[in-house]
>>> print(open('model28.txt').read())   # compact mmCIF, C-alpha atoms
# COMPACT_ATOMS: atom_id res chain seq x y z
CA MET A 9 19.19 -56.09 -12.76
CA SER A 10 18.81 -54.00 -9.60
CA LYS A 11 21.27 -51.22 -8.93
CA ASN A 12 22.89 -53.13 -6.06
CA THR A 13 23.61 -56.37 -7.87
CA MET A 14 26.67 -57.27 -9.83
CA PRO A 15 26.24 -58.56 -13.38
CA THR A 16 26.37 -62.28 -13.77
CA THR A 17 28.15 -64.10 -16.57
CA THR A 18 25.00 -63.96 -18.69
CA THR A 19 24.56 -60.22 -18.18
CA THR A 20 28.22 -59.19 -18.46
CA LYS A 21 27.75 -58.23 -22.09
CA LYS A 22 24.99 -55.79 -21.09
CA ILE A 23 27.39 -53.73 -18.97
CA VAL A 24 28.95 -52.32 -22.16
CA ASP A 25 25.73 -50.51 -23.05
CA ALA A 26 24.48 -49.99 -19.52
CA ASN A 27 23.83 -46.75 -17.73
CA LEU A 28 25.34 -47.61 -14.39
CA SER A 29 23.86 -46.31 -11.16
CA VAL A 30 26.04 -44.69 -8.53
CA GLY A 31 25.31 -47.59 -6.18
CA PHE A 32 26.46 -50.15 -8.73
CA VAL A 33 29.65 -48.21 -9.53
CA ALA A 34 30.39 -47.83 -5.82
CA LYS A 35 29.96 -51.52 -5.13
CA ARG A 36 31.80 -52.67 -8.26
CA SER A 37 34.74 -50.30 -7.71
CA GLY A 38 34.94 -50.73 -3.94
CA VAL A 39 34.52 -47.06 -3.05
CA ASN A 40 31.78 -45.26 -1.17
CA VAL A 41 29.06 -43.39 -3.02
CA SER A 42 30.28 -40.23 -1.30
CA ALA A 43 33.75 -40.82 -2.80
CA LEU A 44 32.23 -41.00 -6.28
CA HIS A 45 30.39 -37.73 -5.66
CA PHE A 46 33.64 -36.19 -4.40
CA TYR A 47 35.60 -37.42 -7.43
CA GLU A 48 32.94 -35.95 -9.65
CA SER A 49 33.05 -32.60 -7.84
CA LYS A 50 36.83 -32.56 -8.43
CA GLY A 51 36.39 -33.30 -12.14
CA LEU A 52 38.01 -36.73 -11.96
CA ILE A 53 34.96 -38.61 -13.25
CA ARG A 54 31.78 -37.65 -15.08
CA SER A 55 28.18 -38.72 -14.88
CA TRP A 56 24.99 -37.68 -16.56
CA ARG A 57 21.46 -37.44 -15.24
CA ASN A 58 18.60 -39.63 -16.45
CA ASN A 59 14.99 -38.47 -16.76
CA GLY A 60 14.49 -39.16 -13.05
CA ASN A 61 17.47 -36.87 -12.27
CA GLN A 62 19.56 -39.81 -11.04
CA ARG A 63 23.29 -40.02 -11.72
CA ARG A 64 24.31 -42.50 -14.37
CA TYR A 65 27.80 -43.53 -15.36
CA LYS A 66 29.28 -45.09 -18.45
CA PRO A 67 31.12 -48.37 -17.85
CA ASP A 68 34.53 -46.79 -18.47
CA VAL A 69 34.19 -44.94 -15.16
CA LEU A 70 35.15 -48.22 -13.45
CA ARG A 71 38.63 -48.11 -15.01
CA ARG A 72 38.96 -44.40 -14.25
CA VAL A 73 38.13 -45.03 -10.57
CA ALA A 74 40.65 -47.90 -10.54
CA VAL A 75 43.35 -45.54 -11.86
CA ILE A 76 42.43 -42.93 -9.23
CA LYS A 77 42.58 -45.50 -6.42
CA ALA A 78 45.90 -46.93 -7.67
CA ALA A 79 47.42 -43.46 -7.83
CA GLN A 80 46.10 -42.59 -4.36
CA THR A 81 47.65 -45.80 -3.03
CA MET A 82 50.98 -44.51 -4.33
CA GLY A 83 50.41 -41.26 -2.44
CA ILE A 84 49.65 -39.13 -5.48
CA THR A 85 47.37 -36.21 -4.63
CA LEU A 86 43.97 -35.83 -6.26
CA ASP A 87 45.14 -32.55 -7.84
CA ASP A 88 48.09 -34.36 -9.44
CA ILE A 89 45.83 -37.21 -10.54
CA LYS A 90 43.43 -34.75 -12.14
CA SER A 91 46.13 -32.79 -13.94
CA THR A 92 47.59 -36.02 -15.27
CA LEU A 93 44.21 -37.40 -16.38
CA ASP A 94 43.45 -34.05 -18.02
CA THR A 95 46.31 -34.72 -20.45
CA LEU A 96 44.27 -37.51 -22.05
CA PRO A 97 42.39 -36.45 -25.19
CA GLU A 98 38.71 -35.65 -24.61
CA GLN A 99 38.97 -36.84 -20.99
CA ARG A 100 38.89 -40.43 -22.18
CA THR A 101 39.53 -43.29 -19.84
CA PRO A 102 43.16 -44.46 -19.74
CA THR A 103 44.14 -47.47 -21.79
CA LYS A 104 46.92 -49.86 -20.77
CA LYS A 105 49.34 -47.79 -22.87
CA ASP A 106 48.06 -44.59 -21.23
CA TRP A 107 48.53 -46.10 -17.77
CA SER A 108 52.15 -46.85 -18.59
CA ALA A 109 52.73 -43.21 -19.58
CA LEU A 110 50.73 -41.81 -16.67
CA SER A 111 52.51 -43.93 -14.09
CA LYS A 112 55.92 -42.87 -15.41
CA LYS A 113 54.99 -39.25 -14.63
CA TRP A 114 54.40 -40.25 -11.03
CA GLN A 115 57.64 -42.23 -10.67
CA ALA A 116 59.67 -39.04 -10.13
CA GLN A 117 57.33 -38.02 -7.30
CA LEU A 118 57.70 -41.46 -5.74
CA ASP A 119 61.49 -41.27 -6.05
CA GLU A 120 61.48 -37.88 -4.28
CA ARG A 121 59.26 -39.25 -1.51
CA ILE A 122 61.52 -42.28 -1.06
CA ALA A 123 64.61 -40.06 -0.87
CA TYR A 124 62.87 -37.86 1.71
CA MET A 125 61.95 -40.87 3.83
CA GLN A 126 65.54 -42.16 3.62
CA ARG A 127 66.86 -38.76 4.81
CA LEU A 128 64.35 -38.82 7.63
CA ARG A 129 65.39 -42.34 8.61
CA ASP A 130 69.08 -41.45 8.55
CA LYS A 131 68.68 -38.30 10.67
CA VAL A 132 65.88 -39.22 13.04
CA ASP A 133 68.15 -40.42 15.84
CA GLY A 134 70.30 -37.27 15.96
CA CYS A 135 68.02 -34.49 14.84
CA ILE A 136 64.31 -33.88 14.54
CA GLY A 137 65.02 -31.57 11.62
CA CYS A 138 63.52 -28.48 13.15
CA GLY A 139 66.61 -26.29 13.14
CA CYS A 140 66.22 -25.60 16.84
CA LEU A 141 68.91 -24.25 19.11
CA SER A 142 68.20 -26.57 22.02
CA MET A 143 70.17 -29.69 21.16
CA ASN A 144 73.75 -29.65 22.40
CA ASN A 145 75.00 -32.29 20.02
CA CYS A 146 72.79 -31.80 16.96
CA PRO A 147 74.66 -32.86 13.80
CA ILE A 148 73.14 -29.94 11.91
CA TYR A 149 73.08 -27.35 14.68
CA ASN A 150 71.34 -24.09 13.81
CA LYS A 151 73.86 -21.55 15.11
CA ASP A 152 72.29 -18.14 15.71
CA ASP A 153 68.92 -19.43 14.44
CA HIS A 154 69.71 -18.59 10.81
CA LEU A 155 66.96 -21.02 9.72
CA GLY A 156 64.32 -19.03 11.59
CA ASP A 157 64.49 -16.41 8.84
CA LYS A 158 63.42 -18.97 6.24
CA GLN A 159 60.50 -20.75 7.91
CA SER A 160 59.36 -22.45 11.07
CA GLY A 161 59.05 -26.16 11.69
CA ALA A 162 61.04 -29.03 10.27
CA VAL A 163 63.05 -27.00 7.78
CA LEU A 164 66.12 -29.20 7.63
CA LEU A 165 64.49 -32.47 6.70
CA ASN A 166 62.45 -30.81 3.95
CA THR A 167 65.56 -29.38 2.32
CA PRO A 168 66.65 -31.35 -0.74
CA GLN A 169 69.91 -33.24 -0.32
CA LYS A 170 72.80 -31.67 -2.22
>>> encode(input="model28.txt", output="structure tokens")
Amino acid sequence: MSKNTMPTTTTTKKIVDANLSVGFVAKRSGVNVSALHFYESKGLIRSWRNNGNQRRYKPDVLRRVAVIKAAQTMGITLDDIKSTLDTLPEQRTPTKKDWSALSKKWQAQLDERIAYMQRLRDKVDGCIGCGCLSMNNCPIYNKDDHLGDKQSGAVLLNTPQK
């Protein structure tokens, strides 16, 4: 089987024992080779080198990449993905049970992001959230620029709702 071909039904069993090339993993997982190299540099996946000094992956890397891509789709940062995956014993690939636990950790982040977007939606027509002094009818007017002491930019929209 060449490195750029997918296993057929008759060769599917061989994938369990295979040493997968970076090209195969990229094609099978739907990510670029450069993304695999990047994930590896961040410690999200692991490879080993064969006698020809070529990267080889174990088949479980396909599930690990799928978890990474799913988490990224949810807006989870690579640092958060790594720290969550690092909680698995011996850096093993997540099982279905693991995925359930891992995804629950990210639900709070998603809830915070949703609440932020709802605040943004609710205030976008009356305030850009910057704390500026220039709007005459701003619903959260920044009298005497007291917010300028805290930070610059959109300080009001980033403040948690109380």
>>> closest_residue(input="model28.txt", among="A:Arg54, A:Lys104, A:Arg129, A:Lys112", to="Lys66 in chain A", atoms="only C-alpha atoms")
A:Arg54
>>> atom_distance(input="model28.txt", atom1="CA of Ala109 in chain A", atom2="CA of Asp88 in chain A")
14.2 Å
>>> atom_distance(input="model28.txt", atom1="CA of Gly60 in chain A", atom2="CA of Asn40 in chain A")
21.8 Å
>>> closest_residue(input="model28.txt", among="A:Val30, A:His45, A:Val75, A:Lys50", to="Gln62 in chain A", atoms="all atoms listed in the file")
A:Val30
>>> closest_residue(input="model28.txt", among="A:Leu128, A:Ala116, A:Leu52, A:Leu70", to="Lys35 in chain A", atoms="all atoms listed in the file")
A:Leu70
>>> closest_residue(input="model28.txt", among="A:Arg64, A:Lys77, A:Gly83, A:Asn59", to="Asp119 in chain A", atoms="all atoms listed in the file")
A:Gly83
>>> closest_residue(input="model28.txt", among="A:Met125, A:Leu118, A:Leu44, A:Ala34", to="Thr85 in chain A", atoms="only C-alpha atoms")
A:Leu118
>>> closest_residue(input="model28.txt", among="A:Lys113, A:Lys90, A:Arg100, A:Arg121", to="Asp68 in chain A", atoms="all atoms listed in the file")
A:Arg100
>>> residues_near_point(input="model28.txt", point="(35.7, -30.3, -13.4)", cutoff="12 Å", atoms="all atoms listed in the file", output="ChimeraX atom specification")
/A:45-55,87,90-91,93-94,99
>>> atom_distance(input="model28.txt", atom1="CA of Ser111 in chain A", atom2="CA of Arg36 in chain A")
23.2 Å
>>> axis_aligned_box(input="model28.txt", around="range 79-82 of chain A", padding_each_side="6 Å", output="JSON")
{"center_x": 48.5, "center_y": -44.2, "center_z": -5.4, "size_x": 16.9, "size_y": 15.2, "size_z": 16.8}
>>> build_atoms(input="model28.txt", residues="range 91-103 of chain A", atoms="N, CA, C and O atoms", output="JSON list (two decimals), in the frame of the given file")
[["chain", "number", "residue", "atom", "x", "y", "z"],
["A", 91, "SER", "N", 45.33, -33.44, -12.90],
["A", 91, "SER", "CA", 46.13, -32.79, -13.94],
["A", 91, "SER", "C", 46.72, -33.81, -14.90],
["A", 91, "SER", "O", 46.84, -33.55, -16.10],
["A", 92, "THR", "N", 47.06, -34.98, -14.40],
["A", 92, "THR", "CA", 47.59, -36.02, -15.27],
["A", 92, "THR", "C", 46.49, -36.60, -16.15],
["A", 92, "THR", "O", 46.68, -36.77, -17.36],
["A", 93, "LEU", "N", 45.32, -36.88, -15.57],
["A", 93, "LEU", "CA", 44.21, -37.40, -16.38],
["A", 93, "LEU", "C", 43.75, -36.38, -17.41],
["A", 93, "LEU", "O", 43.28, -36.75, -18.49],
["A", 94, "ASP", "N", 43.87, -35.10, -17.08],
["A", 94, "ASP", "CA", 43.45, -34.05, -18.02],
["A", 94, "ASP", "C", 44.31, -34.01, -19.28],
["A", 94, "ASP", "O", 43.94, -33.37, -20.26],
["A", 95, "THR", "N", 45.47, -34.68, -19.26],
["A", 95, "THR", "CA", 46.31, -34.72, -20.45],
["A", 95, "THR", "C", 45.77, -35.70, -21.50],
["A", 95, "THR", "O", 46.20, -35.66, -22.64],
["A", 96, "LEU", "N", 44.84, -36.55, -21.10],
["A", 96, "LEU", "CA", 44.27, -37.51, -22.05],
["A", 96, "LEU", "C", 43.29, -36.78, -22.98],
["A", 96, "LEU", "O", 42.54, -35.91, -22.53],
["A", 97, "PRO", "N", 43.31, -37.12, -24.26],
["A", 97, "PRO", "CA", 42.39, -36.45, -25.19],
["A", 97, "PRO", "C", 40.93, -36.67, -24.82],
["A", 97, "PRO", "O", 40.54, -37.79, -24.47],
["A", 98, "GLU", "N", 40.16, -35.61, -24.86],
["A", 98, "GLU", "CA", 38.71, -35.65, -24.61],
["A", 98, "GLU", "C", 38.34, -36.35, -23.31],
["A", 98, "GLU", "O", 37.31, -36.99, -23.21],
["A", 99, "GLN", "N", 39.20, -36.24, -22.30],
["A", 99, "GLN", "CA", 38.97, -36.84, -20.99],
["A", 99, "GLN", "C", 38.62, -38.33, -21.07],
["A", 99, "GLN", "O", 37.86, -38.84, -20.27],
["A", 100, "ARG", "N", 39.21, -39.01, -22.05],
["A", 100, "ARG", "CA", 38.89, -40.43, -22.18],
["A", 100, "ARG", "C", 39.52, -41.22, -21.04],
["A", 100, "ARG", "O", 40.43, -40.75, -20.36],
["A", 101, "THR", "N", 39.03, -42.41, -20.88],
["A", 101, "THR", "CA", 39.53, -43.29, -19.84],
["A", 101, "THR", "C", 40.88, -43.87, -20.29],
["A", 101, "THR", "O", 41.05, -44.22, -21.45],
["A", 102, "PRO", "N", 41.84, -43.96, -19.37],
["A", 102, "PRO", "CA", 43.16, -44.46, -19.74],
["A", 102, "PRO", "C", 43.14, -45.90, -20.24],
["A", 102, "PRO", "O", 42.47, -46.75, -19.67],
["A", 103, "THR", "N", 43.90, -46.12, -21.29],
["A", 103, "THR", "CA", 44.14, -47.47, -21.79],
["A", 103, "THR", "C", 45.36, -48.03, -21.06],
["A", 103, "THR", "O", 46.01, -47.31, -20.28]]
